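Novice: Okay, handing you the structure first.
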Amino acid sequence: MTREPRFDRTGRWVGASVPRREDPRLLAGRGRFVDDIALPRMLHAQFVRSTIAHGRIVAVDLGEVRAVPGVVAAFTAADLALGDITALLDRPPHEFVPTAMPVLALEKVRYVGEPVAIVVATDPYAAEDGVEAAVVEYEDLDPVVTDTAALADGAPLVHAEAPRNTLVDVSLFATEGIDDVFAQAPCVVRVRTKTGRQNALPLETRGVVAAWDDRDEQLHVQTNTQVPHQVRTVLAGCVGLHEKQVRVTVPDMGGGFGQKCVVGREEIATAAAALRLRRPVKWIEDRRDALTAAFLAREQRYDVRAAFDAEGRILGLDADVVCDMGAYSCYPFTAGIEPLMASAEMPSVYQVPAYRVRGRAVTTNKAPTAPYRGVSRPQYVMVVERLMERAARELGIDPVEIRRRNLITVFPYTGVNRITYDPGSYRESLDLCEQVLHDEGWYDVRARAVREGRVIGIGYSCFSERTGYGSGAFAQRKMQVVPGFDISEIRMDVSGTVSVTTGTMSHGQSHETTMAQIVADRLGLDIARIKIVQGDTDRITYGWGSFASRSITIGGSAVAAASGKLGEQLREIAAHLLDADVDATELDGDGGVRLRDDPARRLSFAELADVAYLRAHLLPKGIGPGLTASASFDVAGDGTFSNATHGVVVELDPGTGGVQILRYVCVEDCGVAIHPQVVEGQCRGGIAQGIAGALFEQVTYDDAGQPLAPSLMEYKVPTAAEIPDVAIHHLETPCAFTANGAKGAGEGGTIGAPAAVLNAVNDALRDTGVELDDTPIARETVHRALESALENAHV
Amino acid sequence: MSEIQLVELTVNGERHDLAIEPRRTLVDVLRHDIGLTGTHVGCEHGICGACTVLVDGAPVRACLVFAAQVEDADIRTVESLAEPDGTLSDLQREFSAHHGLQCGFCTPGFLMLAEGFLAERPDATKEEIREVVASNLCRCTGYQTIVEAVDACAARRRSG
């Protein structure tokens, strides 16, 4: 079911699910991922990593390492003498404590897996042999393994400069009179929840090939990063080169999901080794390191109260959020990434008149965290949706109805959190989602289940996803390095084909196709004649890469603006050659410019480019040779909000406590979909990762901080046996200020799924008296709840 | 460094003589010694299936096999699926048509898994296909479109 599009589409490319430009090479096994790159005389790196969670480094002996056959070099932090990776917030000391992340551990190790030394050898097997031969002596320090231990009185300090192991501590909003609101409210509900630590787990692990190029006088770093320019900036600083002496390029990428949107220590160390040795060096992270020592995410604790009136209208939210950020702040976001996101946006899709939040980032002796698809929104949406359900139950109101009474319906809406929400279909998506589950008969199935001895529940989640964070939005977080804008440059060549740069970086999202569709409509040019250039710091003016669902909203708008400027140039040249006014010309939609009133008089782009380059003397006065244009785009306001409602039907297995998803319905609205099939792919893939967090995946540690899930045997990534088909319905509320009416679509699936699944499980448990708020949902708890309910029924 | 062994492999119908360490895995030999980088390494412990190739027609995790173990076998990799001129096979075309790949890193493994399975079970039901697809990991698609692509390919082959 698709609502009639309200957006005026002038071209034929945007909105069409054209074959992906990326597919043929990837299907044929002819893509080029970082580990596919081989350079002459290339060496291979691996890392000596800390075996303990917290300790002082007494001595690092690499003598035996250097004696291993095949090993060429081994370096410690002291050998390489590199700068730190330090991410900063412009906040006072009581709100933010800056901490440096050394490229290789210096005096202390702060998590199991922390890189201590780099070993470089003639082949990867020998590099691993070398790592085995390293002798590192530590003086053990007491580890801090949980957020509660970190905040306890007298806890050991992960960073001496951070008292109470607190890196970020902000108290925001505190609406006047909020305590009275809670004191007088007829209904106050509370949710305390803990969400498990997760790994974004791109199937391609992190990796890099670095080589000094004498001809270019550049360190060329080929790395699978979502943020190539930020890698260049940090790397140049760490090794003491000017940025022009560093070129970062990105080959095909096997996913990222945020894990690759921060600067990694290993990519810097590998590049430094290549610089030192003047030989190419490759590092490919193995899966064990990816599971234990890569950037992780999601481990958060919430204690949130919500006040409601007797009719179920929310009166206030009072929240305490603690995010366990592991050992270090990530660059450029800092450890504030999770608590600041949760604190700013928790009121979600509801009209919340009073709000108070304290958000903290605590540091522990675990691998550090990075933004992971959704960033805090899967958690706070889960909390708010649990609060809605709990209030509904307490007040005897239908859980869908209580949401209806609270959803934002008049736009633009400026919330108590001072964010302005652009138009969306919050109410419509909920209505449609509920209707679909009714029409498909799932409420009847739920009703019959009790008689049939089955345990079935239905759950929803309503949410929005802020996409297109511009410089202003990131500046509000007080980041010292402020992402936001994007710059695009377009160049038409002599044959009338174009190459277009984007500062965003596809790692599976299909930019080569979707960005080309945008250009195609702006210029009236077949996408086969358009090449998208991304992931090359030499060819692209400073960009911010891909994260925060920013690529189509911001990158796509920049691409559109640059294309529009080039179109103007083409019309000016055509007008001169056809002896007409510029206003009398138009792009003809088929790779040419024609006269509006006399369409037979037309010049193809190839004919115009021929003049612009090969017969420049024919150009009009004031127009120089060549056909290039550039444009930038930034979002002035608070960004644009995609929204969705997810509806889930689950069946519980009383014998095992297992949760089976019988039906998954997603009603989403990301404005104008550039490529509907790609949007659906983002929804389904995101939902799979959300389900993974709700039911399966968790990074666990023992009391000493040793990782307990170092392989995919223990870290349970769901397969096709666990992930259900997802029915997707589209609504379309175009964004008013992006060039194509598009909103971001990258993260919504992951944001909505945990809440919907958790609510469905709780609905199924409705007669047991047990309510679950933590994820991943423990089978054991579900099993015990059902078992004791069964026993009580028999008593 | 350990001793060097002479190993003879037949990959995509082509013979390769290799002088390698006995500990060298099939996937490393395919990728780094022969240069067929289409087969990918996702976990090196046999769970993710990104390295799936066909050994005598059966899907095998190339990260769990030493090259020296498959000397007399017929090995097929993703590079064998398309025509020499680049024309994609029916299975590859269905993956594209159904958007069964996003980043494409796991795709060669799924293609070879499906290629081996459909050759043995051309009449497989969609549920059986889903069970087989559950052998490998994909982090992008949520699997639905992979199952649909394989099912569509099977259906098309059956209808001739």
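Order determines the names: the first chain of the structure tokens is A, the second B, and so forth; residues in each chain are numbered 1 upward, and ligands are numbered 1 upward as they are shown.
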Using only C-alpha atoms, which residues sit within 10 Å of B:Thr37 once same-chain residues fewer than 6 positions away are excluded, as an NGL selection string?
Specialist: (:A and (29-33 or 35-37)) or (:B and (27-31 or 77-79))
Novice: Can you check which residues of chain A have any atom within 7 Å of chain B? Use only C-alpha atoms and format it as number ranges by chain.
Specialist: A: 23, 26-30, 36, 69, 202-204, 253-255, 286-287, 507-509, 681, 684-685, 688, 712, 719-721, 723, 725
Novice: From stretch 21-99 of chain B, collect each residue whose DSSP state is helix (DSSP H, G or I) and return the set as JSON, numbers by chain.
Specialist: {"B": [26, 27, 28, 29, 30, 31, 32, 33, 67, 68, 69, 70, 78, 79, 80, 90, 91, 92, 93, 94, 95, 96, 97]}
Novice: Contacts of stretch 372-376 of chain A at 7 Å or less, counting only C-alpha atoms, minus same-chain residues fewer than 6 places along, as a PDB file with C-alpha atoms, in the first residue's frame?
Specialist:
```pdb
ATOM      1  CA  ALA A 200      28.249  -3.560  14.641  1.00  0.00           C
ATOM      2  CA  PHE A 257      27.430   0.434  10.328  1.00  0.00           C
ATOM      3  CA  GLY A 258      29.406   2.987  12.340  1.00  0.00           C
ATOM      4  CA  GLN A 259      32.291   0.800  13.440  1.00  0.00           C
ATOM      5  CA  ALA A 297      28.501   0.056  21.162  1.00  0.00           C
ATOM      6  CA  ARG A 298      25.122   0.110  22.856  1.00  0.00           C
ATOM      7  CA  GLU A 338      25.740   8.057  23.030  1.00  0.00           C
ATOM      8  CA  MET A 341      22.183  11.685  21.518  1.00  0.00           C
ATOM      9  CA  ALA A 342      19.948  10.046  24.103  1.00  0.00           C
ATOM     10  CA  GLU A 747      19.117   3.616  10.600  1.00  0.00           C
ATOM     11  CA  THR A 750      17.612  -0.726  13.736  1.00  0.00           C
ATOM     12  CA  ILE A 751      15.990   1.978  15.852  1.00  0.00           C
TER      13      ILE A 751
END
```
Novice: Give the strand (DSSP E or B) residues of stretch 40-149 of chain B, as assigned by DSSP on the backbone, as a list in words.
Specialist: Thr52, Val53, Leu54, Val55, Ala58, Pro59, Val60, Arg61, Phe66, Asp74, Ile75 and Arg76 of chain B
Novice: Keeping only N, CA and C atoms, write the selected residues to a file as a PDB file, in the first residue's frame.
Specialist:
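Below is the file out-v4.pdb, written as the result:
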```pdb
ATOM      1  N   THR B  52      32.907 -19.496   1.105  1.00  0.00           N
ATOM      2  CA  THR B  52      32.364 -20.734   0.536  1.00  0.00           C
ATOM      3  C   THR B  52      32.752 -20.896  -0.945  1.00  0.00           C
ATOM      4  N   VAL B  53      33.332 -22.042  -1.260  1.00  0.00           N
ATOM      5  CA  VAL B  53      33.623 -22.401  -2.658  1.00  0.00           C
ATOM      6  C   VAL B  53      33.078 -23.813  -2.871  1.00  0.00           C
ATOM      7  N   LEU B  54      33.082 -24.265  -4.109  1.00  0.00           N
ATOM      8  CA  LEU B  54      32.652 -25.634  -4.384  1.00  0.00           C
ATOM      9  C   LEU B  54      33.877 -26.520  -4.543  1.00  0.00           C
ATOM     10  N   VAL B  55      33.880 -27.622  -3.814  1.00  0.00           N
ATOM     11  CA  VAL B  55      34.925 -28.630  -3.973  1.00  0.00           C
ATOM     12  C   VAL B  55      34.230 -29.896  -4.457  1.00  0.00           C
ATOM     13  N   ALA B  58      30.470 -29.616  -4.040  1.00  0.00           N
ATOM     14  CA  ALA B  58      29.857 -29.393  -2.730  1.00  0.00           C
ATOM     15  C   ALA B  58      30.394 -28.119  -2.094  1.00  0.00           C
ATOM     16  N   PRO B  59      29.512 -27.326  -1.464  1.00  0.00           N
ATOM     17  CA  PRO B  59      29.972 -26.111  -0.787  1.00  0.00           C
ATOM     18  C   PRO B  59      30.904 -26.446   0.372  1.00  0.00           C
ATOM     19  N   VAL B  60      32.029 -25.736   0.439  1.00  0.00           N
ATOM     20  CA  VAL B  60      33.046 -25.971   1.459  1.00  0.00           C
ATOM     21  C   VAL B  60      33.541 -24.621   1.964  1.00  0.00           C
ATOM     22  N   ARG B  61      33.815 -24.546   3.278  1.00  0.00           N
ATOM     23  CA  ARG B  61      34.419 -23.330   3.840  1.00  0.00           C
ATOM     24  C   ARG B  61      35.913 -23.352   3.510  1.00  0.00           C
ATOM     25  N   PHE B  66      42.972 -26.859   4.268  1.00  0.00           N
ATOM     26  CA  PHE B  66      44.309 -26.532   3.758  1.00  0.00           C
ATOM     27  C   PHE B  66      44.330 -26.812   2.256  1.00  0.00           C
ATOM     28  N   ASP B  74      38.088 -30.862  -7.896  1.00  0.00           N
ATOM     29  CA  ASP B  74      37.688 -29.817  -8.825  1.00  0.00           C
ATOM     30  C   ASP B  74      37.142 -28.658  -7.988  1.00  0.00           C
ATOM     31  N   ILE B  75      37.849 -27.541  -7.998  1.00  0.00           N
ATOM     32  CA  ILE B  75      37.479 -26.398  -7.151  1.00  0.00           C
ATOM     33  C   ILE B  75      36.831 -25.326  -8.031  1.00  0.00           C
ATOM     34  N   ARG B  76      35.692 -24.822  -7.552  1.00  0.00           N
ATOM     35  CA  ARG B  76      35.046 -23.732  -8.295  1.00  0.00           C
ATOM     36  C   ARG B  76      34.843 -22.531  -7.386  1.00  0.00           C
TER      37      ARG B  76
END
```
Novice: Have a look at atom CA of A:Ile118 and atom CA of A:Asp289 and let me know their distance in Å, one decimal.
Specialist: 13.8 Å
Novice: Separation of atom CA of A:Val120 and atom CA of A:Ala73, in Å?
Specialist: 5.2 Å
